[in-house]
Each structure stands twice: as C-alpha cells, then as structure tokens.
Amino acid sequence: MFRGASLAGSGSPDGGQDRWADCGTSAVVLDGASSFTPAVVDATHYVDQLCAELAHRLRGHEGDLVDVLGSCIAAVAGRLSLQRGQSPSSTVLIARERGDNFDVLALGDSTAVVSRNGEVDRITDDRLAAVGHDLRRQYQSRLTTGVGYDDTHRRLLRQLQEQELTARNTSGGYWIAEADERAAEKAVLRTSPLSEVDWCVLATDGVQRPVDHLGIRWSDIAHMSAAELAELLAELHRWEAVDDPDGEVLPRSKRHDDKAVVVWTRPRL
C-alpha cells in the first residue's frame, strides 16, 4: 500500500536526517533537525530511535494517534536522557488505514497532500512559519539578489534558529517532536472515510517546496513506484545543484535539504 524514498542533502540515499517507515496499514515520515545547542545525541540518532519506536507501536495498532505519538516521544526522550530545549527535534507525519477510516497526523511543517473524492487538501502545521518571520523574509529576500550562502546568510540563520528555540513547544510558539511528549497533543489530526480517499502523499519540506515551485503534480507523484519516487528525489537534487545552486530562484536555508516522500493509493477492487 505504502511506497517511499529518501535522499540526503549530500545526495546519499540514506536520507540524512529524514526518515520514513512502512508499518503495514500505516506509514511514518520524519524530518529531523539538530539541536541549536550542544547536545549529547545527534539528530540522526534521534530520528532513528523515534522512527523505530513509532513503527513498532503502529503495527497493528488502532488506538489514538496522538496517544501513540506522545508515548513514543516520551519513550525516546527517556531512553536517550533528552532535555527539553536542548535536544534534536523532528517533524512527524503519520498516515493510517483504520477500519473504514483514513487518519493523517501532522506535527511540524512537513506536508500531507490528500485527494478525497477528487478534491485535493493539504494537511500541515504552519505555526513554525510565524516564528522569526522578519528574519526569514530577510534571508529569503537577500538570496533572490544572488548573494548566495554567504556569512551574512549564516548569521541570519543563527538568529532565526535562536528565535525558533525560544518558541519551541510553547503556547504561542510552535510544537515539534523533541523531549516533551505534550507536543503530540498539539498535532493536526484529520480523519476521513477510507472509501473517499483516492491517494495520499507525505512529504518533508525538502520535497514539498521544490515540487510546488516546479509545478509537479501531486497526483502524478501519488501513483509513482518506489523506484520512480527515488528518481524524483534525485531529479529535485539535480535541479537544486544545477539550476538554482544559490537559492536565487527558490530561496531556502541551504542548497540541498534532506528529502523523504511516501505515497498511498487506494487499492483497486
């Protein structure tokens, strides 16, 4: 049912700090981020642990997704001795078939695109975009002038990251999987009748942003094979490297972001 692919910003198929897992009747997509402060655990290890924990608990489980995510965040935080505000973090996307229903959960700024009776809807958590809005707009505006990823760009990113850290998992800020299981309660959750869902695509922002910019149809992506998904990610990586290496056309924090995508299509009877 679920098919997926990942690609690291370096071009390696290991996914970098993005992860995905096929859990049978459900799938998980994570977009990890390193801690802004010195941390004992790096983001790669964190997303490995969180992905494995989610995959284990989701297999054959039809309980509340918020409860499942909260228990997984707590378990990983305890196992790795993580401290709130001083640990790596990750966005979370979950899609699940559950009896006659189809559930989608989004925590953080990764995106689920769902076609329901031919109508396409996006499910994402846009609260992070409201944090440090002026700094984000400033670095994006500079990139459009062709200055590239210079020292000023890196300084603006550090300032933005500091603001994001202050706002992380706070009321009025944004919520993300890290060391506080209460973040799961703030996830965006949608449930639809399974019979009405045509297809679903789960994508980290390293996929979503260039796909939208290039006008690639999500409906086409939804029907790709695993091999075709891997080729899509490689093509996006090539476009970034060759056509827009300095983020002048599509302003972004760095030349290449990690990428992960998972698709689901309703079985044909």
# chains A, B, ... in the order shown; residues from 1 in each chain; ligands from 1
call {"tool": "select_by_dssp", "arguments": {"residues": "region 31-239 of chain A", "states": "strand (DSSP E)", "output": "JSON, numbers by chain"}}
result
{"A": [31, 32, 33, 89, 90, 91, 92, 93, 94, 95, 96, 97, 98, 101, 102, 103, 104, 105, 106, 107, 111, 112, 113, 114, 115, 116, 119, 120, 121, 122, 123, 124, 188, 189, 190, 191, 192, 193, 197, 198, 199, 200, 201, 202, 203]}
call {"tool": "write_last_selection", "arguments": {"atoms": "C-alpha atoms", "output": "PDB file, in the first residue's frame"}}
result
ATOM      1  CA  ASP A  31      12.260  15.426   9.207  1.00  0.00           C
ATOM      2  CA  GLY A  32      14.944  15.696  11.861  1.00  0.00           C
ATOM      3  CA  ALA A  33      16.855  18.784  12.935  1.00  0.00           C
ATOM      4  CA  SER A  89      13.834  17.540  17.142  1.00  0.00           C
ATOM      5  CA  SER A  90      11.715  16.242  14.283  1.00  0.00           C
ATOM      6  CA  THR A  91       8.549  16.911  12.363  1.00  0.00           C
ATOM      7  CA  VAL A  92       6.142  13.960  12.223  1.00  0.00           C
ATOM      8  CA  LEU A  93       3.703  12.802   9.566  1.00  0.00           C
ATOM      9  CA  ILE A  94       1.593   9.670  10.014  1.00  0.00           C
ATOM     10  CA  ALA A  95      -0.960   8.214   7.607  1.00  0.00           C
ATOM     11  CA  ARG A  96      -3.012   5.199   8.642  1.00  0.00           C
ATOM     12  CA  GLU A  97      -5.770   2.966   7.380  1.00  0.00           C
ATOM     13  CA  ARG A  98      -8.034   2.209  10.340  1.00  0.00           C
ATOM     14  CA  ASN A 101     -11.287   5.364   8.184  1.00  0.00           C
ATOM     15  CA  PHE A 102      -8.101   7.035   6.985  1.00  0.00           C
ATOM     16  CA  ASP A 103      -6.160   9.088   9.553  1.00  0.00           C
ATOM     17  CA  VAL A 104      -3.484  11.711   8.934  1.00  0.00           C
ATOM     18  CA  LEU A 105      -1.424  13.375  11.684  1.00  0.00           C
ATOM     19  CA  ALA A 106       0.946  16.301  11.149  1.00  0.00           C
ATOM     20  CA  LEU A 107       3.296  17.819  13.725  1.00  0.00           C
ATOM     21  CA  THR A 111       3.071  18.280   4.463  1.00  0.00           C
ATOM     22  CA  ALA A 112       0.446  15.644   3.696  1.00  0.00           C
ATOM     23  CA  VAL A 113      -1.429  16.068   0.413  1.00  0.00           C
ATOM     24  CA  VAL A 114      -4.682  14.090   0.324  1.00  0.00           C
ATOM     25  CA  SER A 115      -7.139  13.587  -2.527  1.00  0.00           C
ATOM     26  CA  ARG A 116     -10.641  12.962  -1.256  1.00  0.00           C
ATOM     27  CA  GLU A 119     -10.681  17.252  -4.143  1.00  0.00           C
ATOM     28  CA  VAL A 120      -7.087  17.852  -3.036  1.00  0.00           C
ATOM     29  CA  ASP A 121      -6.390  19.064   0.502  1.00  0.00           C
ATOM     30  CA  ARG A 122      -3.150  19.891   2.294  1.00  0.00           C
ATOM     31  CA  ILE A 123      -2.547  18.998   5.902  1.00  0.00           C
ATOM     32  CA  THR A 124       0.382  20.703   7.602  1.00  0.00           C
ATOM     33  CA  VAL A 188      -3.008  18.479  13.444  1.00  0.00           C
ATOM     34  CA  LEU A 189      -5.231  15.398  13.015  1.00  0.00           C
ATOM     35  CA  ARG A 190      -7.689  14.623  10.225  1.00  0.00           C
ATOM     36  CA  THR A 191      -9.882  11.560   9.748  1.00  0.00           C
ATOM     37  CA  SER A 192     -11.747  10.760   6.527  1.00  0.00           C
ATOM     38  CA  PRO A 193     -13.865   7.822   5.384  1.00  0.00           C
ATOM     39  CA  VAL A 197      -9.647   8.865  -0.072  1.00  0.00           C
ATOM     40  CA  ASP A 198      -8.136   8.424  -3.536  1.00  0.00           C
ATOM     41  CA  TRP A 199      -4.493   8.904  -2.629  1.00  0.00           C
ATOM     42  CA  CYS A 200      -2.160  10.492  -0.086  1.00  0.00           C
ATOM     43  CA  VAL A 201       1.385  11.857  -0.297  1.00  0.00           C
ATOM     44  CA  LEU A 202       3.542  12.543   2.775  1.00  0.00           C
ATOM     45  CA  ALA A 203       6.491  14.850   2.093  1.00  0.00           C
TER      46      ALA A 203
END
call {"tool": "closest_residue", "arguments": {"among": "A:Leu58, A:Asp134, A:Tyr149, A:Pro267", "to": "His223 (chain A)", "atoms": "only C-alpha atoms"}}
result
A:Pro267
call {"tool": "closest_atom_pairs", "arguments": {"of": "region 9-118 of chain A", "to": "region 228-233 of chain A", "cutoff": "12 Å", "atoms": "only C-alpha atoms", "output": "Markdown table"}}
result
| residue | atom | partner | partner_atom | distance |
| --- | --- | --- | --- | --- |
| A:Gly9 | CA | A:Leu233 | CA | 10.3 |
| A:Gly11 | CA | A:Leu233 | CA | 9.4 |
| A:Ser12 | CA | A:Leu233 | CA | 10.9 |
| A:Pro13 | CA | A:Ala230 | CA | 8.4 |
| A:Asp14 | CA | A:Ala230 | CA | 11.4 |
| A:Gly15 | CA | A:Leu233 | CA | 10.4 |
call {"tool": "write_last_selection", "arguments": {"atoms": "N, CA and C atoms", "output": "PDB file, in the first residue's frame"}}
result
ATOM      1  N   GLY A   9      20.735  15.395   1.872  1.00  0.00           N
ATOM      2  CA  GLY A   9      21.185  16.605   1.202  1.00  0.00           C
ATOM      3  C   GLY A   9      22.518  16.416   0.504  1.00  0.00           C
ATOM      4  N   GLY A  11      23.236  13.862  -1.166  1.00  0.00           N
ATOM      5  CA  GLY A  11      22.998  13.017  -2.329  1.00  0.00           C
ATOM      6  C   GLY A  11      22.981  11.540  -2.004  1.00  0.00           C
ATOM      7  N   SER A  12      23.224  11.183  -0.752  1.00  0.00           N
ATOM      8  CA  SER A  12      23.209   9.789  -0.328  1.00  0.00           C
ATOM      9  C   SER A  12      21.773   9.313  -0.123  1.00  0.00           C
ATOM     10  N   PRO A  13      21.456   8.057  -0.516  1.00  0.00           N
ATOM     11  CA  PRO A  13      20.090   7.549  -0.342  1.00  0.00           C
ATOM     12  C   PRO A  13      19.728   7.210   1.096  1.00  0.00           C
ATOM     13  N   ASP A  14      20.636   7.449   2.056  1.00  0.00           N
ATOM     14  CA  ASP A  14      20.314   7.123   3.448  1.00  0.00           C
ATOM     15  C   ASP A  14      19.327   8.109   4.068  1.00  0.00           C
ATOM     16  N   GLY A  15      19.017   9.197   3.387  1.00  0.00           N
ATOM     17  CA  GLY A  15      18.006  10.142   3.876  1.00  0.00           C
ATOM     18  C   GLY A  15      18.528  11.218   4.791  1.00  0.00           C
TER      19      GLY A  15
END
call {"tool": "atom_distance", "arguments": {"atom1": "CA of Leu160 (chain A)", "atom2": "CA of Val66 (chain A)"}}
result
28.7 Å
call {"tool": "atom_distance", "arguments": {"atom1": "CA of Ile221 (chain A)", "atom2": "CA of Ala5 (chain A)"}}
result
11.6 Å
call {"tool": "select_by_dssp", "arguments": {"residues": "region 11-252 of chain A", "states": "alpha helix (DSSP H)", "output": "number ranges by chain"}}
result
A: 43-58, 65-80, 133-143, 151-167, 205-214, 218-222, 226-242
call {"tool": "residues_around", "arguments": {"residues": "His56 (chain A)", "least_positions_apart": "4", "cutoff": "12 Å", "atoms": "only C-alpha atoms", "output": "mmCIF file with N, CA and C atoms, in the first residue's frame"}}
result
data_model
loop_
_atom_site.group_PDB
_atom_site.id
_atom_site.type_symbol
_atom_site.label_atom_id
_atom_site.label_comp_id
_atom_site.auth_asym_id
_atom_site.auth_seq_id
_atom_site.Cartn_x
_atom_site.Cartn_y
_atom_site.Cartn_z
ATOM 1 N N ALA A 21 8.994 5.126 7.233
ATOM 2 C CA ALA A 21 8.806 3.714 7.559
ATOM 3 C C ALA A 21 7.429 3.269 7.110
ATOM 4 N N ASP A 22 7.375 2.085 6.504
ATOM 5 C CA ASP A 22 6.120 1.432 6.153
ATOM 6 C C ASP A 22 5.770 0.488 7.291
ATOM 7 N N CYS A 23 4.646 0.756 7.943
ATOM 8 C CA CYS A 23 4.244 -0.028 9.113
ATOM 9 C C CYS A 23 3.050 -0.932 8.805
ATOM 10 N N GLY A 24 2.870 -1.299 7.552
ATOM 11 C CA GLY A 24 1.755 -2.154 7.178
ATOM 12 C C GLY A 24 0.538 -1.339 6.788
ATOM 13 N N SER A 26 -0.026 1.573 8.079
ATOM 14 C CA SER A 26 0.317 2.977 8.354
ATOM 15 C C SER A 26 1.728 3.261 7.852
ATOM 16 N N ALA A 27 2.050 4.544 7.793
ATOM 17 C CA ALA A 27 3.395 4.961 7.396
ATOM 18 C C ALA A 27 3.779 6.202 8.176
ATOM 19 N N VAL A 28 5.084 6.371 8.368
ATOM 20 C CA VAL A 28 5.637 7.491 9.133
ATOM 21 C C VAL A 28 6.672 8.211 8.280
ATOM 22 N N GLN A 49 15.770 6.487 16.345
ATOM 23 C CA GLN A 49 15.071 5.949 17.508
ATOM 24 C C GLN A 49 13.570 6.240 17.448
ATOM 25 N N LEU A 50 13.210 7.472 17.083
ATOM 26 C CA LEU A 50 11.793 7.837 17.042
ATOM 27 C C LEU A 50 11.067 7.083 15.932
ATOM 28 N N CYS A 51 11.702 6.936 14.791
ATOM 29 C CA CYS A 51 11.087 6.209 13.686
ATOM 30 C C CYS A 51 10.863 4.747 14.058
ATOM 31 N N ALA A 52 11.860 4.130 14.672
ATOM 32 C CA ALA A 52 11.725 2.728 15.077
ATOM 33 C C ALA A 52 10.635 2.560 16.129
ATOM 34 N N GLY A 60 -0.299 -2.820 13.594
ATOM 35 C CA GLY A 60 -1.481 -3.487 14.119
ATOM 36 C C GLY A 60 -2.202 -2.717 15.199
ATOM 37 N N HIS A 61 -1.828 -1.452 15.403
ATOM 38 C CA HIS A 61 -2.426 -0.662 16.483
ATOM 39 C C HIS A 61 -3.453 0.298 15.906
ATOM 40 N N VAL A 68 -0.349 7.595 20.707
ATOM 41 C CA VAL A 68 0.791 6.820 20.213
ATOM 42 C C VAL A 68 2.022 7.710 20.074
ATOM 43 N N LEU A 69 1.852 8.865 19.449
ATOM 44 C CA LEU A 69 2.989 9.770 19.261
ATOM 45 C C LEU A 69 3.531 10.259 20.592
ATOM 46 N N SER A 71 3.441 8.822 23.517
ATOM 47 C CA SER A 71 4.161 7.755 24.218
ATOM 48 C C SER A 71 5.509 7.480 23.566
ATOM 49 N N CYS A 72 5.590 7.618 22.251
ATOM 50 C CA CYS A 72 6.860 7.400 21.557
ATOM 51 C C CYS A 72 7.867 8.507 21.873
#
call {"tool": "closest_residue", "arguments": {"among": "A:Val41, A:Arg252, A:Val263, A:Gly206", "to": "Ala226 (chain A)", "atoms": "only C-alpha atoms"}}
result
A:Val263
